[in-house]
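Chemist: Take this structure first; my questions come after.
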Amino acid sequence: MRRILNHKNLYGMFSNFILLIALVFTVPHAQAQADTATADEEFLHGDANTESTPQSDGTPLNELVSRAEAGNSAAQFELGNRYLYGTDVEQDNFAAATWFRQAADQGNHNAQYNLGVMALNGIGVMADFNEALEWFHLAAENADTTAQFTLGVIYANGRGVPQDLTQAHMWFTVAAAGGEQSAAVNAVLFQEMLSIEQLEKSQSDAQDLIEKFNEQ
């Protein structure tokens, strides 16, 4: 399963606090990494402005469409990829979002995360921060570590939501438990900013989620 979007300039939107602590985004499925990007850079790692185009999974297009139309979420996600990149089809962000939505509605965390990025920047859908936040939460609660890291950044900055360092630390902790190395670094940094009560709440909430994911 490939991720085809990144949020490279999320730093631009949420720069004040992030630049202070030098957060680093990693997007495993896109093989992409963000730095302290400026606000006029693109979010997408997969539209006409893409830096690199990942290879498709090799499934013939007619077979992929047939599987997607039959309700296969992995095929729906892959077809969304192809429309976003214009791989074997005419590039179409709206069609990409449509197929991602179908996969996301079936619980595909990669599609949920991608829809969050698209809603955040108005790619194939109307720009809507609240909708983006909902998709990020769905993906994060579906054990998507990149979405968990993204929420950590959003709550750390308090852009679009009230700043909540306790919740930011919680999401960084959960993402770190899932293998996000950058999240582990940020969790340590934020730990120093919390009161004992805040830290205890963050750790308790994080442990609840980690145990939930381990049981799945």
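All residue names refer to the structure tokens as shown: chains lettered A, B, ... in order, residues numbered from 1 in each chain, ligands numbered from 1 in order.
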Please provide the set of residues having any atom within 10 Å of Ile210 in chain A, restricted to only C-alpha atoms, with same-chain residues fewer than 3 positions apart removed, written as a ChimeraX atom specification.
Modeler: /A:143,173-175,177-178,204-207,213-215
Chemist: Kindly save the residues from that selection, with N, CA and C atoms included, as a PDB file, in the first residue's frame.
Modeler:
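out.pdb, freshly written:
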```
ATOM      1  N   ALA A 143      -4.933   3.850  13.445  1.00  0.00           N
ATOM      2  CA  ALA A 143      -3.531   3.455  13.613  1.00  0.00           C
ATOM      3  C   ALA A 143      -2.598   3.976  12.522  1.00  0.00           C
ATOM      4  N   THR A 173       3.409  10.706  21.100  1.00  0.00           N
ATOM      5  CA  THR A 173       3.740   9.479  21.822  1.00  0.00           C
ATOM      6  C   THR A 173       3.164   8.254  21.121  1.00  0.00           C
ATOM      7  N   VAL A 174       1.915   8.361  20.685  1.00  0.00           N
ATOM      8  CA  VAL A 174       1.268   7.244  19.985  1.00  0.00           C
ATOM      9  C   VAL A 174       1.969   6.965  18.658  1.00  0.00           C
ATOM     10  N   ALA A 175       2.286   8.035  17.908  1.00  0.00           N
ATOM     11  CA  ALA A 175       2.981   7.858  16.637  1.00  0.00           C
ATOM     12  C   ALA A 175       4.357   7.236  16.847  1.00  0.00           C
ATOM     13  N   ALA A 177       5.209   5.222  19.218  1.00  0.00           N
ATOM     14  CA  ALA A 177       5.017   3.802  19.527  1.00  0.00           C
ATOM     15  C   ALA A 177       4.782   2.990  18.262  1.00  0.00           C
ATOM     16  N   GLY A 178       4.262   3.662  17.222  1.00  0.00           N
ATOM     17  CA  GLY A 178       4.030   2.996  15.948  1.00  0.00           C
ATOM     18  C   GLY A 178       5.222   3.017  15.028  1.00  0.00           C
ATOM     19  N   SER A 204      -1.507   8.546  29.878  1.00  0.00           N
ATOM     20  CA  SER A 204      -2.638   7.647  30.087  1.00  0.00           C
ATOM     21  C   SER A 204      -3.460   7.492  28.809  1.00  0.00           C
ATOM     22  N   ASP A 205      -3.763   8.624  28.152  1.00  0.00           N
ATOM     23  CA  ASP A 205      -4.545   8.577  26.918  1.00  0.00           C
ATOM     24  C   ASP A 205      -3.780   7.851  25.816  1.00  0.00           C
ATOM     25  N   ALA A 206      -2.481   8.103  25.749  1.00  0.00           N
ATOM     26  CA  ALA A 206      -1.658   7.441  24.740  1.00  0.00           C
ATOM     27  C   ALA A 206      -1.628   5.936  24.962  1.00  0.00           C
ATOM     28  N   GLN A 207      -1.492   5.536  26.217  1.00  0.00           N
ATOM     29  CA  GLN A 207      -1.452   4.112  26.530  1.00  0.00           C
ATOM     30  C   GLN A 207      -2.757   3.421  26.152  1.00  0.00           C
ATOM     31  N   PHE A 213      -4.711  -0.373  19.668  1.00  0.00           N
ATOM     32  CA  PHE A 213      -4.106  -0.761  18.390  1.00  0.00           C
ATOM     33  C   PHE A 213      -3.461  -2.131  18.485  1.00  0.00           C
ATOM     34  N   ASN A 214      -2.854  -2.443  19.618  1.00  0.00           N
ATOM     35  CA  ASN A 214      -2.198  -3.744  19.786  1.00  0.00           C
ATOM     36  C   ASN A 214      -3.194  -4.893  19.793  1.00  0.00           C
ATOM     37  N   GLU A 215      -4.425  -4.592  20.173  1.00  0.00           N
ATOM     38  CA  GLU A 215      -5.456  -5.619  20.216  1.00  0.00           C
ATOM     39  C   GLU A 215      -6.081  -5.884  18.855  1.00  0.00           C
TER      40      GLU A 215
END
```
Chemist: So which residues touch Ala75 in chain A within 12 Å, counting only C-alpha atoms, skipping near sequence neighbours fewer than 2 positions away, as an MDAnalysis selection string?
Modeler: chainID A and resid 1:2 56:73 77:82 99:100 102:104 106 108 111
Chemist: Any chance you can output those residues with C-alpha atoms as a PDB file, in the first residue's frame?
Modeler:
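again_21.pdb was written with the following content:
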```
ATOM      1  CA  MET A   1       0.000   0.000   0.000  1.00  0.00           C
ATOM      2  CA  ARG A   2       1.510   3.307  -1.121  1.00  0.00           C
ATOM      3  CA  SER A  56       1.673   1.770  -9.983  1.00  0.00           C
ATOM      4  CA  ASP A  57       1.122  -1.701  -8.559  1.00  0.00           C
ATOM      5  CA  GLY A  58       1.111  -3.128 -12.080  1.00  0.00           C
ATOM      6  CA  THR A  59      -2.538  -4.150 -12.135  1.00  0.00           C
ATOM      7  CA  PRO A  60      -4.090  -3.613 -15.610  1.00  0.00           C
ATOM      8  CA  LEU A  61      -6.385  -0.597 -15.529  1.00  0.00           C
ATOM      9  CA  ASN A  62      -9.535  -2.434 -16.596  1.00  0.00           C
ATOM     10  CA  GLU A  63      -8.997  -5.045 -13.884  1.00  0.00           C
ATOM     11  CA  LEU A  64      -8.313  -2.360 -11.293  1.00  0.00           C
ATOM     12  CA  VAL A  65     -11.473  -0.455 -12.219  1.00  0.00           C
ATOM     13  CA  SER A  66     -13.513  -3.651 -12.046  1.00  0.00           C
ATOM     14  CA  ARG A  67     -12.209  -4.440  -8.565  1.00  0.00           C
ATOM     15  CA  ALA A  68     -12.717  -0.847  -7.404  1.00  0.00           C
ATOM     16  CA  GLU A  69     -16.287  -0.736  -8.681  1.00  0.00           C
ATOM     17  CA  ALA A  70     -16.927  -4.052  -6.908  1.00  0.00           C
ATOM     18  CA  GLY A  71     -16.008  -2.339  -3.631  1.00  0.00           C
ATOM     19  CA  ASN A  72     -12.399  -3.438  -3.074  1.00  0.00           C
ATOM     20  CA  SER A  73     -10.902  -0.676  -0.916  1.00  0.00           C
ATOM     21  CA  PHE A  77      -7.104   3.527  -3.134  1.00  0.00           C
ATOM     22  CA  GLU A  78      -4.800   2.488  -5.992  1.00  0.00           C
ATOM     23  CA  LEU A  79      -7.172   3.956  -8.567  1.00  0.00           C
ATOM     24  CA  GLY A  80      -7.179   7.200  -6.595  1.00  0.00           C
ATOM     25  CA  ASN A  81      -3.388   7.145  -6.801  1.00  0.00           C
ATOM     26  CA  ARG A  82      -3.457   6.730 -10.541  1.00  0.00           C
ATOM     27  CA  TRP A  99     -11.955   7.061  -5.217  1.00  0.00           C
ATOM     28  CA  PHE A 100     -10.090   7.926  -2.028  1.00  0.00           C
ATOM     29  CA  GLN A 102     -14.854   5.355  -1.324  1.00  0.00           C
ATOM     30  CA  ALA A 103     -11.798   3.620   0.127  1.00  0.00           C
ATOM     31  CA  ALA A 104     -11.816   5.873   3.199  1.00  0.00           C
ATOM     32  CA  GLN A 106     -14.433   1.458   4.169  1.00  0.00           C
ATOM     33  CA  ASN A 108      -8.702   2.551   4.503  1.00  0.00           C
ATOM     34  CA  ALA A 111      -7.148   7.106   1.895  1.00  0.00           C
TER      35      ALA A 111
END
```
Chemist: Please tabulate, as a Markdown table, the residues of range 46-110 of chain A that come within 8 Å of range 114-129 of chain A, each with its closest pair of atoms and the distance in Å to one decimal, counting only C-alpha atoms and ordering rows by chain, then residue number upward.
Modeler:
```
| residue | atom | partner | partner_atom | distance |
| --- | --- | --- | --- | --- |
| A:Asp92 | CA | A:Gly124 | CA | 7.8 |
| A:Asn93 | CA | A:Gly124 | CA | 4.4 |
| A:Phe94 | CA | A:Gly124 | CA | 4.1 |
| A:Ala95 | CA | A:Gly124 | CA | 7.5 |
| A:Ala96 | CA | A:Gly124 | CA | 7.2 |
| A:Ala97 | CA | A:Gly124 | CA | 5.7 |
| A:Phe100 | CA | A:Leu115 | CA | 6.8 |
| A:Arg101 | CA | A:Leu115 | CA | 7.1 |
| A:Asn110 | CA | A:Asn114 | CA | 6.2 |
```
Chemist: Identify, on the basis of only C-alpha atoms, every residue whose closest approach to range 183-197 of chain A does not exceed 7 Å; exclude the query and any residue fewer than 5 positions from it along the same chain; express the result as an MDAnalysis selection string.
Modeler: chainID A and resid 23 149 166 169 172:173 175:176
Chemist: Next, the residues of the selection above should be written as a PDB file, in the first residue's frame with C-alpha atoms.
Modeler:
```pdb
ATOM      1  CA  LEU A  23       9.841  19.305  13.772  1.00  0.00           C
ATOM      2  CA  PHE A 149       2.089  12.870  13.801  1.00  0.00           C
ATOM      3  CA  THR A 166      -1.096  17.783  26.154  1.00  0.00           C
ATOM      4  CA  HIS A 169       2.337  15.168  23.214  1.00  0.00           C
ATOM      5  CA  PHE A 172       3.462  12.241  19.220  1.00  0.00           C
ATOM      6  CA  THR A 173       3.740   9.479  21.822  1.00  0.00           C
ATOM      7  CA  ALA A 175       2.981   7.858  16.637  1.00  0.00           C
ATOM      8  CA  ALA A 176       6.353   7.109  18.202  1.00  0.00           C
TER       9      ALA A 176
END
```
Chemist: Measure the distance from CA of Gln76 in chain A to CA of His109 in chain A in Å and round it to one decimal.
Modeler: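 Pair CA of Gln76 in chain A / CA of His109 in chain A returns 12.4 Å.
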Chemist: Pick out the closest residue to Gly107 in chain A from this set: A:Asp88, A:Ala139, A:Glu134, A:Tyr83. Count only C-alpha atoms.
Modeler: A:Ala139
Chemist: For Ile154 in chain A, list every protein, DNA or RNA residue within 9 Å, evaluated using only C-alpha atoms, and leave out those in the same chain fewer than 3 positions away; present the list as a VMD selection string.
Modeler: chain A and resid 10 14 133 149 to 151 157 to 161 163 to 164 168
Chemist: Please, what distance in Å, to one decimal, runs between CA of Asp105 in chain A and CA of Lys212 in chain A?
Modeler: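 If I compute the distance from CA of Asp105 in chain A to CA of Lys212 in chain A, I get 20.6 Å.
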